[in-house]
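Have a look at structure09.txt below; it lists compact mmCIF, C-alpha atoms and all ligand atoms.
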```txt
# COMPACT_ATOMS: atom_id res chain seq x y z
CA MET A 149 -2.55 -38.64 101.19
CA LYS A 150 -6.02 -40.10 100.64
CA ARG A 151 -7.13 -42.32 103.53
CA LEU A 152 -9.49 -45.27 102.99
CA ARG A 153 -10.79 -48.12 105.09
CA THR A 154 -11.78 -51.70 104.33
CA ARG A 155 -11.99 -54.95 106.22
CA VAL A 156 -9.75 -57.07 103.99
CA ALA A 157 -7.15 -55.56 101.67
CA ILE A 158 -6.41 -58.07 98.91
CA VAL A 159 -3.11 -57.82 97.06
CA GLY A 160 -3.23 -59.33 93.56
CA ALA A 161 -6.04 -59.77 91.01
CA GLY A 162 -5.19 -63.27 89.84
CA PRO A 163 -7.81 -65.98 90.21
CA GLY A 164 -7.12 -66.24 93.96
CA GLY A 165 -7.52 -62.56 94.86
CA LEU A 166 -10.53 -61.99 92.61
CA LEU A 167 -12.37 -65.05 93.85
CA LEU A 168 -11.66 -64.15 97.47
CA SER A 169 -13.10 -60.67 96.94
CA HIS A 170 -16.22 -62.19 95.34
CA LEU A 171 -16.73 -64.69 98.19
CA LEU A 172 -16.18 -62.03 100.85
CA GLN A 173 -18.83 -59.85 99.29
CA ARG A 174 -21.27 -62.76 99.40
CA HIS A 175 -20.49 -63.04 103.13
CA GLY A 176 -21.06 -59.31 103.58
CA VAL A 177 -17.36 -58.53 104.14
CA ASP A 178 -15.95 -55.46 102.41
CA SER A 179 -12.61 -55.70 100.54
CA ILE A 180 -10.37 -53.72 98.21
CA VAL A 181 -8.30 -55.50 95.53
CA LEU A 182 -4.99 -53.96 94.42
CA GLU A 183 -3.33 -55.24 91.22
CA ARG A 184 0.10 -54.21 89.96
CA ARG A 185 -0.57 -54.88 86.28
CA SER A 186 -3.19 -53.48 83.90
CA ARG A 187 -6.57 -55.12 83.39
CA GLU A 188 -5.62 -55.92 79.77
CA HIS A 189 -2.43 -57.64 80.87
CA VAL A 190 -4.14 -59.73 83.54
CA GLU A 191 -6.96 -60.74 81.19
CA ARG A 192 -4.51 -61.88 78.51
CA ARG A 193 -2.00 -63.77 80.65
CA VAL A 194 -1.99 -67.35 79.40
CA ARG A 195 -1.41 -69.96 82.06
CA ALA A 196 -3.51 -72.76 83.49
CA GLY A 197 -6.36 -74.46 81.72
CA LEU A 198 -7.44 -77.52 83.66
CA LEU A 199 -10.11 -77.14 86.32
CA GLU A 200 -10.85 -80.08 88.59
CA GLY A 201 -14.51 -81.09 89.04
CA GLY A 202 -14.48 -79.84 92.65
CA THR A 203 -13.21 -76.43 91.49
CA VAL A 204 -15.95 -76.22 88.84
CA ASP A 205 -18.64 -77.19 91.37
CA PHE A 206 -17.40 -74.52 93.76
CA LEU A 207 -17.39 -71.85 91.03
CA ARG A 208 -20.97 -72.88 90.15
CA GLU A 209 -22.05 -72.53 93.79
CA ALA A 210 -20.44 -69.09 93.82
CA GLY A 211 -22.46 -68.07 90.73
CA LEU A 212 -19.38 -67.75 88.55
CA ALA A 213 -19.68 -70.61 86.08
CA ASP A 214 -22.24 -69.51 83.45
CA ARG A 215 -19.67 -69.01 80.66
CA LEU A 216 -17.50 -71.84 81.96
CA ASP A 217 -20.48 -74.18 81.61
CA ARG A 218 -21.25 -72.88 78.12
CA GLU A 219 -17.73 -72.78 76.71
CA GLY A 220 -15.58 -75.06 78.87
CA LEU A 221 -14.63 -78.41 77.38
CA VAL A 222 -15.61 -81.35 79.59
CA HIS A 223 -13.03 -84.16 79.65
CA GLU A 224 -13.45 -87.73 80.87
CA GLY A 225 -10.02 -89.11 80.10
CA PHE A 226 -6.60 -88.38 78.61
CA VAL A 227 -4.02 -90.30 76.64
CA PHE A 228 -0.52 -91.36 77.62
CA ARG A 229 1.78 -91.94 74.67
CA PHE A 230 4.87 -93.98 75.35
CA GLY A 231 6.65 -96.81 73.59
CA SER A 232 5.07 -95.53 70.31
CA ARG A 233 1.61 -96.48 71.55
CA ALA A 234 -1.38 -94.68 73.01
CA HIS A 235 -2.87 -95.74 76.36
CA ARG A 236 -6.07 -94.05 77.50
CA MET A 237 -6.57 -93.09 81.15
CA PRO A 238 -10.39 -93.10 81.61
CA PHE A 239 -10.38 -91.04 84.79
CA THR A 240 -14.16 -90.42 84.86
CA GLU A 241 -14.87 -94.14 84.57
CA LEU A 242 -12.45 -94.70 87.45
CA THR A 243 -13.60 -91.87 89.74
CA GLY A 244 -16.97 -90.53 88.52
CA ARG A 245 -15.34 -87.09 88.16
CA THR A 246 -14.79 -84.97 85.05
CA VAL A 247 -12.40 -82.03 84.54
CA HIS A 248 -12.99 -78.86 82.50
CA MET A 249 -10.56 -77.28 80.05
CA TYR A 250 -11.09 -73.53 80.34
CA GLY A 251 -8.28 -71.00 79.98
CA GLN A 252 -7.23 -69.27 83.20
CA GLN A 253 -7.47 -65.92 81.40
CA GLU A 254 -11.12 -66.68 80.60
CA LEU A 255 -11.82 -67.41 84.25
CA VAL A 256 -10.01 -64.20 85.22
CA LYS A 257 -12.17 -62.25 82.73
CA ASP A 258 -15.33 -63.76 84.27
CA LEU A 259 -14.14 -62.91 87.77
CA ILE A 260 -13.24 -59.33 86.84
CA ARG A 261 -16.59 -58.83 85.13
CA ALA A 262 -18.42 -60.15 88.21
CA ARG A 263 -16.42 -57.81 90.45
CA ALA A 264 -17.06 -54.83 88.17
CA GLU A 265 -20.81 -55.58 88.02
CA ALA A 266 -20.90 -55.73 91.82
CA GLY A 267 -19.26 -52.28 91.98
CA ALA A 268 -16.26 -53.73 93.83
CA ARG A 269 -13.21 -51.62 94.59
CA LEU A 270 -10.78 -53.39 92.24
CA TRP A 271 -7.88 -51.22 91.13
CA PHE A 272 -5.35 -52.03 88.42
CA ASP A 273 -1.96 -50.43 87.64
CA VAL A 274 -1.08 -50.10 91.32
CA PRO A 275 2.70 -50.46 91.14
CA ASP A 276 3.95 -49.85 94.68
CA VAL A 277 1.96 -51.75 97.31
CA GLU A 278 3.64 -51.55 100.69
CA LEU A 279 2.34 -53.47 103.73
CA ARG A 280 2.72 -52.04 107.23
CA GLY A 281 1.80 -53.07 110.77
CA LEU A 282 1.10 -56.70 109.90
CA GLU A 283 1.88 -57.72 113.49
CA THR A 284 -0.60 -55.17 114.90
CA ASP A 285 -4.41 -55.19 114.92
CA THR A 286 -4.42 -52.19 112.59
CA PRO A 287 -2.42 -53.03 109.46
CA THR A 288 -2.25 -50.55 106.62
CA VAL A 289 -1.50 -50.71 102.91
CA ARG A 290 0.21 -47.80 101.21
CA CYS A 291 0.15 -47.48 97.44
CA THR A 292 -0.52 -45.15 94.53
CA VAL A 293 -3.92 -45.37 92.84
CA ALA A 294 -4.45 -43.39 89.61
CA GLY A 295 -1.43 -41.22 90.48
CA GLU A 296 -2.64 -40.42 93.99
CA PRO A 297 -0.94 -41.67 97.19
CA VAL A 298 -3.40 -43.75 99.23
CA GLU A 299 -3.31 -45.33 102.67
CA ILE A 300 -5.80 -48.12 103.32
CA ALA A 301 -6.52 -49.03 106.92
CA CYS A 302 -7.78 -52.61 107.21
CA ASP A 303 -8.36 -55.50 109.61
CA PHE A 304 -6.50 -58.06 107.51
CA VAL A 305 -4.34 -58.32 104.38
CA ALA A 306 -4.79 -61.24 101.97
CA GLY A 307 -1.60 -61.81 99.99
CA CYS A 308 -2.83 -63.27 96.70
CA ASP A 309 -0.01 -61.77 94.65
CA GLY A 310 1.66 -64.88 93.31
CA PHE A 311 5.16 -66.22 93.78
CA HIS A 312 6.95 -62.93 93.01
CA GLY A 313 4.55 -60.66 94.93
CA VAL A 314 5.24 -58.26 97.76
CA SER A 315 3.18 -59.94 100.50
CA ARG A 316 5.39 -62.86 101.44
CA ARG A 317 8.44 -60.62 101.23
CA SER A 318 6.84 -58.22 103.75
CA VAL A 319 7.10 -60.79 106.53
CA PRO A 320 10.19 -60.35 108.74
CA SER A 321 12.88 -62.84 107.84
CA GLY A 322 12.82 -65.95 109.98
CA ALA A 323 9.06 -65.74 110.71
CA LEU A 324 8.15 -68.13 107.88
CA SER A 325 9.81 -71.36 106.83
CA THR A 326 10.04 -72.10 103.13
CA TYR A 327 10.72 -75.43 101.46
CA GLU A 328 11.78 -75.58 97.84
CA ARG A 329 12.73 -78.00 95.08
CA ALA A 330 14.03 -76.88 91.69
CA TYR A 331 13.65 -79.40 88.87
CA PRO A 332 16.44 -80.00 86.35
CA TYR A 333 14.14 -79.24 83.39
CA ALA A 334 11.67 -76.54 82.30
CA TRP A 335 8.65 -76.21 80.00
CA LEU A 336 8.39 -74.27 76.79
CA GLY A 337 4.67 -73.43 76.53
CA VAL A 338 3.00 -72.44 73.27
CA LEU A 339 -0.48 -71.13 72.54
CA ALA A 340 -1.40 -71.79 68.89
CA GLN A 341 -4.33 -70.82 66.70
CA ALA A 342 -4.74 -74.45 65.71
CA PRO A 343 -7.83 -76.62 66.10
CA PRO A 344 -7.27 -79.55 68.46
CA ALA A 345 -5.90 -82.64 66.70
CA ALA A 346 -7.35 -84.79 69.46
CA GLU A 347 -10.32 -84.53 71.78
CA GLU A 348 -8.34 -85.36 74.89
CA LEU A 349 -5.04 -84.25 76.40
CA ILE A 350 -1.97 -86.21 75.33
CA TYR A 351 0.94 -86.72 77.73
CA ALA A 352 3.78 -87.98 75.52
CA VAL A 353 6.94 -89.56 76.86
CA HIS A 354 9.75 -89.60 74.33
CA SER A 355 13.49 -90.19 74.31
CA ARG A 356 13.92 -86.48 73.47
CA GLY A 357 11.80 -85.44 76.45
CA PHE A 358 8.22 -84.96 77.55
CA ALA A 359 5.54 -83.16 75.49
CA LEU A 360 1.98 -82.23 76.44
CA TYR A 361 -0.80 -81.57 74.00
CA SER A 362 -3.80 -79.70 75.39
CA MET A 363 -6.46 -77.31 74.17
CA ARG A 364 -8.19 -74.16 75.38
CA SER A 365 -11.12 -74.06 72.94
CA PRO A 366 -12.22 -75.73 69.68
CA ALA A 367 -9.89 -73.29 67.85
CA VAL A 368 -6.88 -72.90 70.15
CA SER A 369 -4.31 -75.48 71.22
CA ARG A 370 -1.90 -75.26 74.15
CA LEU A 371 1.28 -77.29 73.83
CA TYR A 372 4.31 -77.83 76.04
CA LEU A 373 7.79 -79.22 75.46
CA GLN A 374 10.27 -80.31 78.10
CA VAL A 375 13.38 -78.16 77.65
CA GLU A 376 16.55 -77.68 79.68
CA ALA A 377 16.31 -75.68 82.90
CA GLY A 378 17.21 -72.06 82.13
CA GLU A 379 16.37 -72.42 78.41
CA ARG A 380 15.53 -69.17 76.60
CA VAL A 381 12.50 -68.79 74.39
CA GLU A 382 14.65 -66.95 71.78
CA ASN A 383 16.30 -70.28 71.01
CA TRP A 384 12.98 -71.65 69.81
CA PRO A 385 11.78 -70.22 66.49
CA ASP A 386 8.32 -71.48 65.50
CA GLU A 387 9.63 -74.04 62.97
CA ARG A 388 11.85 -75.65 65.60
CA ILE A 389 8.94 -75.86 68.02
CA TRP A 390 6.61 -77.56 65.52
CA LYS A 391 9.32 -79.98 64.40
CA GLU A 392 10.01 -81.00 67.99
CA LEU A 393 6.31 -81.29 68.82
CA HIS A 394 5.76 -83.57 65.80
CA THR A 395 8.73 -85.73 66.80
CA ARG A 396 7.54 -86.21 70.35
CA LEU A 397 3.76 -86.31 69.83
CA ASP A 398 3.01 -87.98 66.50
CA ILE A 399 2.63 -91.74 66.39
CA ASP A 400 1.54 -94.13 63.63
CA GLY A 401 -2.20 -94.59 63.35
CA ALA A 402 -3.12 -91.36 65.20
CA PRO A 403 -4.02 -88.02 63.55
CA GLU A 404 -1.01 -85.74 63.11
CA LEU A 405 -0.67 -82.61 65.17
CA THR A 406 -2.45 -79.63 63.60
CA GLU A 407 -0.21 -76.59 63.11
CA GLY A 408 -1.26 -72.95 63.22
CA PRO A 409 0.10 -69.49 64.02
CA ILE A 410 1.80 -69.36 67.41
CA LEU A 411 0.10 -66.65 69.48
CA GLU A 412 2.28 -66.79 72.56
CA LYS A 413 5.32 -68.70 73.81
CA SER A 414 7.18 -68.69 77.11
CA CYS A 415 9.55 -70.79 79.21
CA VAL A 416 8.45 -71.86 82.68
CA ALA A 417 10.76 -73.19 85.38
CA LEU A 418 9.47 -76.24 87.22
CA ARG A 419 9.52 -75.62 90.92
CA GLY A 420 8.01 -76.89 94.13
CA PHE A 421 7.74 -74.34 96.95
CA VAL A 422 5.80 -74.23 100.20
CA THR A 423 5.59 -71.55 102.90
CA GLU A 424 4.82 -72.61 106.45
CA PRO A 425 2.78 -71.20 108.07
CA MET A 426 0.63 -69.53 105.41
CA SER A 427 -0.02 -66.52 107.63
CA HIS A 428 1.80 -64.02 109.79
CA GLY A 429 0.03 -61.65 112.16
CA ARG A 430 -2.80 -60.11 110.14
CA LEU A 431 -1.45 -61.31 106.77
CA PHE A 432 -2.84 -64.44 105.11
CA LEU A 433 -1.13 -65.86 102.03
CA ALA A 434 -3.14 -67.75 99.40
CA GLY A 435 -2.42 -69.47 96.09
CA ASP A 436 0.97 -69.06 94.42
CA ALA A 437 2.02 -66.51 97.06
CA ALA A 438 2.07 -69.41 99.53
CA HIS A 439 3.00 -72.38 97.36
CA ILE A 440 4.03 -73.43 93.87
CA VAL A 441 3.65 -76.86 92.36
CA PRO A 442 5.27 -77.99 89.11
CA PRO A 443 2.56 -77.60 86.43
CA THR A 444 2.69 -81.26 85.32
CA ALA A 445 -0.47 -82.26 87.20
CA ALA A 446 -2.25 -78.91 86.66
CA LYS A 447 -2.88 -78.28 90.35
CA GLY A 448 -1.78 -74.65 90.90
CA LEU A 449 -5.00 -72.85 90.00
CA ASN A 450 -7.08 -75.49 91.76
CA LEU A 451 -5.02 -75.03 94.92
CA ALA A 452 -5.48 -71.25 94.79
CA VAL A 453 -9.27 -71.80 94.65
CA ALA A 454 -9.06 -74.31 97.52
CA ASP A 455 -7.13 -71.80 99.69
CA VAL A 456 -9.50 -68.90 99.18
CA LYS A 457 -12.49 -71.14 99.82
CA VAL A 458 -11.06 -71.90 103.29
CA LEU A 459 -9.94 -68.31 103.87
CA ALA A 460 -13.29 -66.75 102.89
CA ALA A 461 -15.13 -69.12 105.24
CA ALA A 462 -12.71 -68.25 108.05
CA PHE A 463 -13.29 -64.50 107.52
CA ARG A 464 -17.04 -65.13 107.53
CA GLU A 465 -16.73 -66.84 110.94
CA PHE A 466 -14.67 -63.98 112.27
CA TYR A 467 -17.05 -61.24 111.15
CA ALA A 468 -20.28 -63.13 111.87
CA HIS A 469 -19.34 -64.50 115.31
CA GLY A 470 -16.11 -62.75 116.33
CA ASP A 471 -14.49 -66.19 116.29
CA ARG A 472 -10.82 -66.40 115.20
CA ALA A 473 -10.52 -70.19 115.45
CA ALA A 474 -10.96 -70.81 111.73
CA LEU A 475 -8.50 -68.03 110.83
CA ASP A 476 -6.01 -69.50 113.29
CA GLY A 477 -6.55 -72.91 111.69
CA TYR A 478 -6.13 -71.64 108.11
CA THR A 479 -2.63 -73.04 107.58
CA ALA A 480 -3.45 -76.38 109.14
CA ASP A 481 -6.60 -76.63 107.02
CA CYS A 482 -4.80 -75.92 103.74
CA LEU A 483 -1.35 -77.47 104.05
CA PRO A 484 -2.22 -81.18 104.00
CA GLY A 485 -3.94 -80.70 100.63
CA VAL A 486 -1.07 -78.55 99.36
CA TRP A 487 1.50 -81.22 100.21
CA GLN A 488 -0.72 -83.90 98.70
CA ALA A 489 -0.93 -81.95 95.43
CA LEU A 490 2.80 -81.31 95.53
CA GLU A 491 3.56 -84.96 96.14
CA PHE A 492 1.43 -86.01 93.15
CA SER A 493 2.84 -83.26 90.92
CA ASP A 494 6.40 -84.21 91.91
CA TRP A 495 5.74 -87.88 91.29
CA MET A 496 4.02 -87.22 87.95
CA SER A 497 6.91 -84.96 86.90
CA GLY A 498 9.38 -87.76 87.58
CA LEU A 499 7.17 -90.22 85.72
CA LEU A 500 6.92 -88.15 82.55
CA HIS A 501 10.17 -86.20 82.15
CA ARG A 502 13.38 -87.61 80.79
CA PRO A 503 16.23 -86.86 83.19
CA PRO A 504 18.93 -84.62 81.71
CA GLU A 505 21.62 -86.87 80.22
CA GLY A 506 18.90 -89.56 80.21
CA ARG A 507 20.08 -92.83 78.71
CA VAL A 508 18.28 -95.78 77.16
CA PHE A 509 18.30 -97.36 80.61
CA ASP A 510 16.23 -94.43 81.98
CA GLY A 511 13.83 -94.65 79.07
CA ARG A 512 13.18 -98.35 79.59
CA LEU A 513 12.55 -97.75 83.29
CA GLN A 514 10.20 -94.91 82.44
CA ASP A 515 8.17 -97.10 80.06
CA ALA A 516 7.98 -99.84 82.70
CA ARG A 517 6.70 -97.36 85.32
CA LEU A 518 4.09 -96.00 82.93
CA GLU A 519 3.01 -99.52 82.02
CA ALA A 520 2.49 -100.20 85.73
CA VAL A 521 0.34 -97.07 86.06
CA VAL A 522 -1.97 -97.74 83.13
CA ASN A 523 -2.32 -101.50 83.47
CA SER A 524 -2.88 -102.06 87.16
CA PRO A 525 -5.12 -100.99 90.06
CA ALA A 526 -2.66 -98.09 90.40
CA ALA A 527 -4.66 -96.46 87.59
CA ARG A 528 -7.49 -95.71 90.03
CA THR A 529 -5.16 -94.07 92.56
CA PHE A 530 -3.60 -92.04 89.76
CA ALA A 531 -7.03 -90.96 88.50
CA GLU A 532 -8.21 -89.97 92.00
CA ASN A 533 -5.19 -87.72 92.36
CA TYR A 534 -5.52 -86.31 88.85
CA VAL A 535 -9.16 -85.23 89.28
CA GLY A 536 -8.52 -83.84 92.78
CA LEU A 537 -10.55 -86.42 94.69
CA ALA A 538 -7.61 -87.68 96.73
CA ARG A 539 -6.82 -84.13 97.90
CA GLU A 540 -10.42 -83.45 98.87
CA ARG A 541 -10.31 -86.53 101.08
CA THR A 542 -7.15 -85.34 102.86
CA PRO A 543 -8.27 -84.45 106.38
CA ALA A 544 -7.76 -80.83 107.38
CA ARG A 545 -6.00 -80.37 110.69
CA GLY A 546 -6.93 -76.87 111.70
CA GLY A 547 -10.05 -74.88 112.51
CA ARG A 548 -13.58 -75.48 111.36
CA PRO A 549 -14.52 -75.61 107.67
C1 LIG B 601 2.72 -72.09 82.17
C2 LIG B 601 1.85 -72.40 83.33
C3 LIG B 601 0.88 -73.38 83.19
C4 LIG B 601 0.05 -73.68 84.25
N1 LIG B 601 -0.92 -74.64 84.07
C5 LIG B 601 -1.76 -74.89 85.08
C6 LIG B 601 -2.90 -75.78 84.90
O1 LIG B 601 -3.13 -76.34 83.83
N2 LIG B 601 -3.75 -75.97 85.95
C7 LIG B 601 -3.55 -75.33 87.16
O2 LIG B 601 -4.34 -75.55 88.09
N3 LIG B 601 -2.51 -74.47 87.35
C8 LIG B 601 -1.62 -74.22 86.34
N4 LIG B 601 -0.62 -73.30 86.51
C9 LIG B 601 -0.52 -72.59 87.77
C10 LIG B 601 -1.53 -71.45 87.87
O3 LIG B 601 -1.46 -70.61 86.74
C11 LIG B 601 -1.27 -70.65 89.14
O4 LIG B 601 -1.20 -71.56 90.21
C12 LIG B 601 -2.36 -69.63 89.40
O5 LIG B 601 -2.20 -68.54 88.51
C13 LIG B 601 -2.32 -69.12 90.85
O6 LIG B 601 -3.24 -68.08 91.01
P1 LIG B 601 -2.96 -66.93 92.06
O7 LIG B 601 -4.16 -66.05 92.03
O8 LIG B 601 -2.52 -67.51 93.34
O9 LIG B 601 -1.67 -66.16 91.51
P2 LIG B 601 -1.43 -65.39 90.14
O10 LIG B 601 -2.29 -65.93 89.07
O11 LIG B 601 0.04 -65.39 89.95
O12 LIG B 601 -1.93 -63.92 90.45
C14 LIG B 601 -1.19 -63.04 91.26
C15 LIG B 601 -1.55 -61.62 90.87
O13 LIG B 601 -0.86 -60.71 91.74
C16 LIG B 601 -0.33 -59.66 90.98
N5 LIG B 601 0.81 -59.09 91.71
C17 LIG B 601 2.07 -59.56 91.84
N6 LIG B 601 2.81 -58.74 92.61
C18 LIG B 601 1.99 -57.72 92.99
C19 LIG B 601 2.18 -56.58 93.79
N7 LIG B 601 3.37 -56.29 94.36
N8 LIG B 601 1.14 -55.73 93.98
C20 LIG B 601 -0.09 -56.00 93.43
N9 LIG B 601 -0.32 -57.08 92.63
C21 LIG B 601 0.71 -57.95 92.43
C22 LIG B 601 0.08 -60.32 89.67
O14 LIG B 601 0.21 -59.37 88.61
C23 LIG B 601 -1.09 -61.28 89.46
O15 LIG B 601 -2.15 -60.68 88.75
C24 LIG B 601 0.22 -72.98 85.48
C25 LIG B 601 1.18 -72.00 85.61
C26 LIG B 601 2.01 -71.71 84.57
C27 LIG B 601 3.05 -70.63 84.74
```
Let me see the structure of the file written as structure tokens.
Amino acid sequence: MKRLRTRVAIVGAGPGGLLLSHLLQRHGVDSIVLERRSREHVERRVRAGLLEGGTVDFLREAGLADRLDREGLVHEGFVFRFGSRAHRMPFTELTGRTVHMYGQQELVKDLIRARAEAGARLWFDVPDVELRGLETDTPTVRCTVAGEPVEIACDFVAGCDGFHGVSRRSVPSGALSTYERAYPYAWLGVLAQAPPAAEELIYAVHSRGFALYSMRSPAVSRLYLQVEAGERVENWPDERIWKELHTRLDIDGAPELTEGPILEKSCVALRGFVTEPMSHGRLFLAGDAAHIVPPTAAKGLNLAVADVKVLAAAFREFYAHGDRAALDGYTADCLPGVWQALEFSDWMSGLLHRPPEGRVFDGRLQDARLEAVVNSPAARTFAENYVGLARERTPARGGRP
């Protein structure tokens, strides 16, 4: 067996793991990143697309935003459609903050390129990561790299391997508490080679269910439909998808939805999930490995970035000054913001989705709630949550920043 050593072994090359590795290198801390899937798969996986202003600023500071600044689409508002009318939410006017539309897979490509250029040890197609000795000062990671069994001795393990990863499952049962909510509906997400029909996102509330119109570039649209929980993508041929999107999104006086070849479609369960604490022994969980928010408010990727920002700074303190306080405070620093994002995502999900078996009564209530959001001072609170400002103001409770 080949034996290697690093300071931080990072499991998972999603945005969280890759960014953490980049930040650690800037702090002079060595890491190895282990990814189960191939580079091609990771670079093509279509998911998030909305980056809060704070996330973009942080990526700029980290030297990772050149292409994002060139190609990302800057948004200053979005449109709610309900009651057959459009109501604009001018979130930049209300908060001074913009958001960027930039596909998660594009960010992942940028992060991988930066890691490769830095000569980082980033290994793909590692199928069998096994974590050992997490409760000792000398944890190890066993896995197979390019067909060869490897044991990596490390000081810490960063579990950035998403909701289904191995890291959280490696903690002895009972050591972590988990809190979960399953929603009674799901999203059918579609990536289409279709130029945007609108310049801003459209959140449409309809008696047949919620629909979201968004874009990833001037040539590619990303659309979502509320479907039943457990729905299968096979039940949705392209014609059915377009018909349903037109029904829910088109309104008189606004340009019709542009159709185009569907490049990718998948069903996503809506779930809220939080692990407390976000660490155990020498293992630190970050991003989706530690928490999931329903995608309605587009917070998941932004939370992963927020976690690794705190975690990288805590590792820097430990290696620069031998001080564990910030590592010990990691959970307390992250969780208030996580719960804040979850609360907003949960609330926004309830606001926009039609309950299963929803009746006219529910629809009228929904319209009244939306009216209250767009036409009252509540719009500012909504906008502050949407752009991430409210979360940034949430006081951390743990170690030092
Ligand atoms: C349809 C959809 C739409 C979304 N839209 C938005 C949005 O608009 N805005 C937003 O902010 N968020 C959004 N999200 C959420 C966002 O995509 C996630 O929160 C984000 O990917 C979290 O990043 P991560 O690095 O923590 O985890 P992931 O991106 O899940 O990365 C984890 C990595 O670990 C790897 N891995 C898993 N198991 C192992 C193992 N055993 N060994 C090694 N590697 C492993 C995985 O292959 C993966 O590459 C959306 C999610 C979905 C599903």
One-decimal distance in Å that lies between CA of Arg187 in chain A and atom O14 of ligand LIG 601 (chain B):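 For atom O14 of ligand LIG 601 (chain B) relative to CA of Arg187 in chain A, the distance reads 9.6 Å.
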Separation of CA of Leu405 in chain A from CA of Val194 in chain A in Å: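 Value for the CA of Val194 in chain A-CA of Leu405 in chain A distance: 20.9 Å.
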Selected residue of minimal separation from Gln253 in chain A among A:Val319, A:Leu198, A:Leu221, A:Ala334, counting only C-alpha atoms: A:Leu198
Among the residues A:Ala340, A:Ala473, A:Val535, A:Ala346, the one that comes closest to Thr246 in chain A [using all atoms listed in the file]: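 Comparing A:Ala340, A:Ala473, A:Val535, A:Ala346 against Thr246 in chain A, the winner is A:Val535.
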Among listed residues A:Phe421, A:Phe509, A:Phe492, A:Phe272, nearest ligand LIG 601 (chain B) (using all atoms listed in the file):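 For ligand LIG 601 (chain B), the nearest of the given residues is A:Phe272.
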CA of Ala434 in chain A to CA of Leu449 in chain A, distance in Å rounded to a single decimal: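 So the answer is 10.9 Å.
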Shell of 10 Å around Val274 in chain A, only C-alpha atoms, local chain residues under 6 positions omitted, as a list of chain:residue names: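 With the cut-off at 10 Å, the set is A:Val159, A:Gly160, A:Val181, A:Leu182, A:Glu183, A:Arg184, A:Arg185, A:Ser186, A:Cys291, A:Thr292, A:Val293, A:Ala294, A:Gly295.
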Neighbour list for range 299-307 of chain A as a list in words, cut-off 7 Å, only C-alpha atoms, skip fewer than 3 positions in-chain: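 That gives Met149, Lys150, Arg151, Leu152, Arg153, Thr154, Arg155, Val156, Ala157, Ile158, Val159, Asp285, Thr286, Pro287, Thr288, Val289, Arg290, Cys291, Ser315, Arg430, Leu431, Phe432, Leu433, Ala434 and Ala437 of chain A.
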Protein and nucleic residues near ligand LIG 601 (chain B), 8 Å, all atoms listed in the file, as a PyMOL selection string: chain A and resi 159-166+182-185+190+194-200+252+274-278+308-315+335+337+414-416+434-438+440-453
At a cut-off of 9 Å, using all atoms listed in the file, what residues contact range 522-528 of chain A? Leave out same-chain residues fewer than 2 positions from it and give the result as a PDB file with C-alpha atoms, in the coordinates of the input.
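And here's around12.pdb as it stands now:
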```pdb
ATOM      1  CA  PHE A 228      -0.520 -91.360  77.620  1.00  0.00           C
ATOM      2  CA  HIS A 235      -2.870 -95.740  76.360  1.00  0.00           C
ATOM      3  CA  ARG A 236      -6.070 -94.050  77.500  1.00  0.00           C
ATOM      4  CA  MET A 237      -6.570 -93.090  81.150  1.00  0.00           C
ATOM      5  CA  PRO A 238     -10.390 -93.100  81.610  1.00  0.00           C
ATOM      6  CA  PHE A 239     -10.380 -91.040  84.790  1.00  0.00           C
ATOM      7  CA  LEU A 242     -12.450 -94.700  87.450  1.00  0.00           C
ATOM      8  CA  THR A 243     -13.600 -91.870  89.740  1.00  0.00           C
ATOM      9  CA  ARG A 517       6.700 -97.360  85.320  1.00  0.00           C
ATOM     10  CA  LEU A 518       4.090 -96.000  82.930  1.00  0.00           C
ATOM     11  CA  GLU A 519       3.010 -99.520  82.020  1.00  0.00           C
ATOM     12  CA  ALA A 520       2.490-100.200  85.730  1.00  0.00           C
ATOM     13  CA  PHE A 530      -3.600 -92.040  89.760  1.00  0.00           C
ATOM     14  CA  ALA A 531      -7.030 -90.960  88.500  1.00  0.00           C
ATOM     15  CA  GLU A 532      -8.210 -89.970  92.000  1.00  0.00           C
ATOM     16  CA  ASN A 533      -5.190 -87.720  92.360  1.00  0.00           C
TER      17      ASN A 533
END
```
Cut-off 9 Å around (2.4, -81.2, 97.6) with all atoms listed in the file: residues as a list in words: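 Using all atoms listed in the file, the matching residues come out as Gly420, Phe421, Val422, His439, Ile440, Val441, Leu483, Pro484, Gly485, Val486, Trp487, Gln488, Ala489, Leu490, Glu491, Phe492, Ser493 and Asp494 of chain A.
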Nearby residues, (19.9, -78.7, 83.0) file frame, 10 Å, only C-alpha atoms, as a list in words: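 Nearby residues: Tyr331, Pro332, Tyr333, Ala334, Val375, Glu376, Ala377, Gly378, Glu379, Pro503, Pro504 and Glu505 of chain A.
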Of the listed residues A:Arg229, A:Val247, A:Arg193, A:Leu172, that which approaches Tyr361 in chain A most closely, counting all atoms listed in the file: A:Arg229
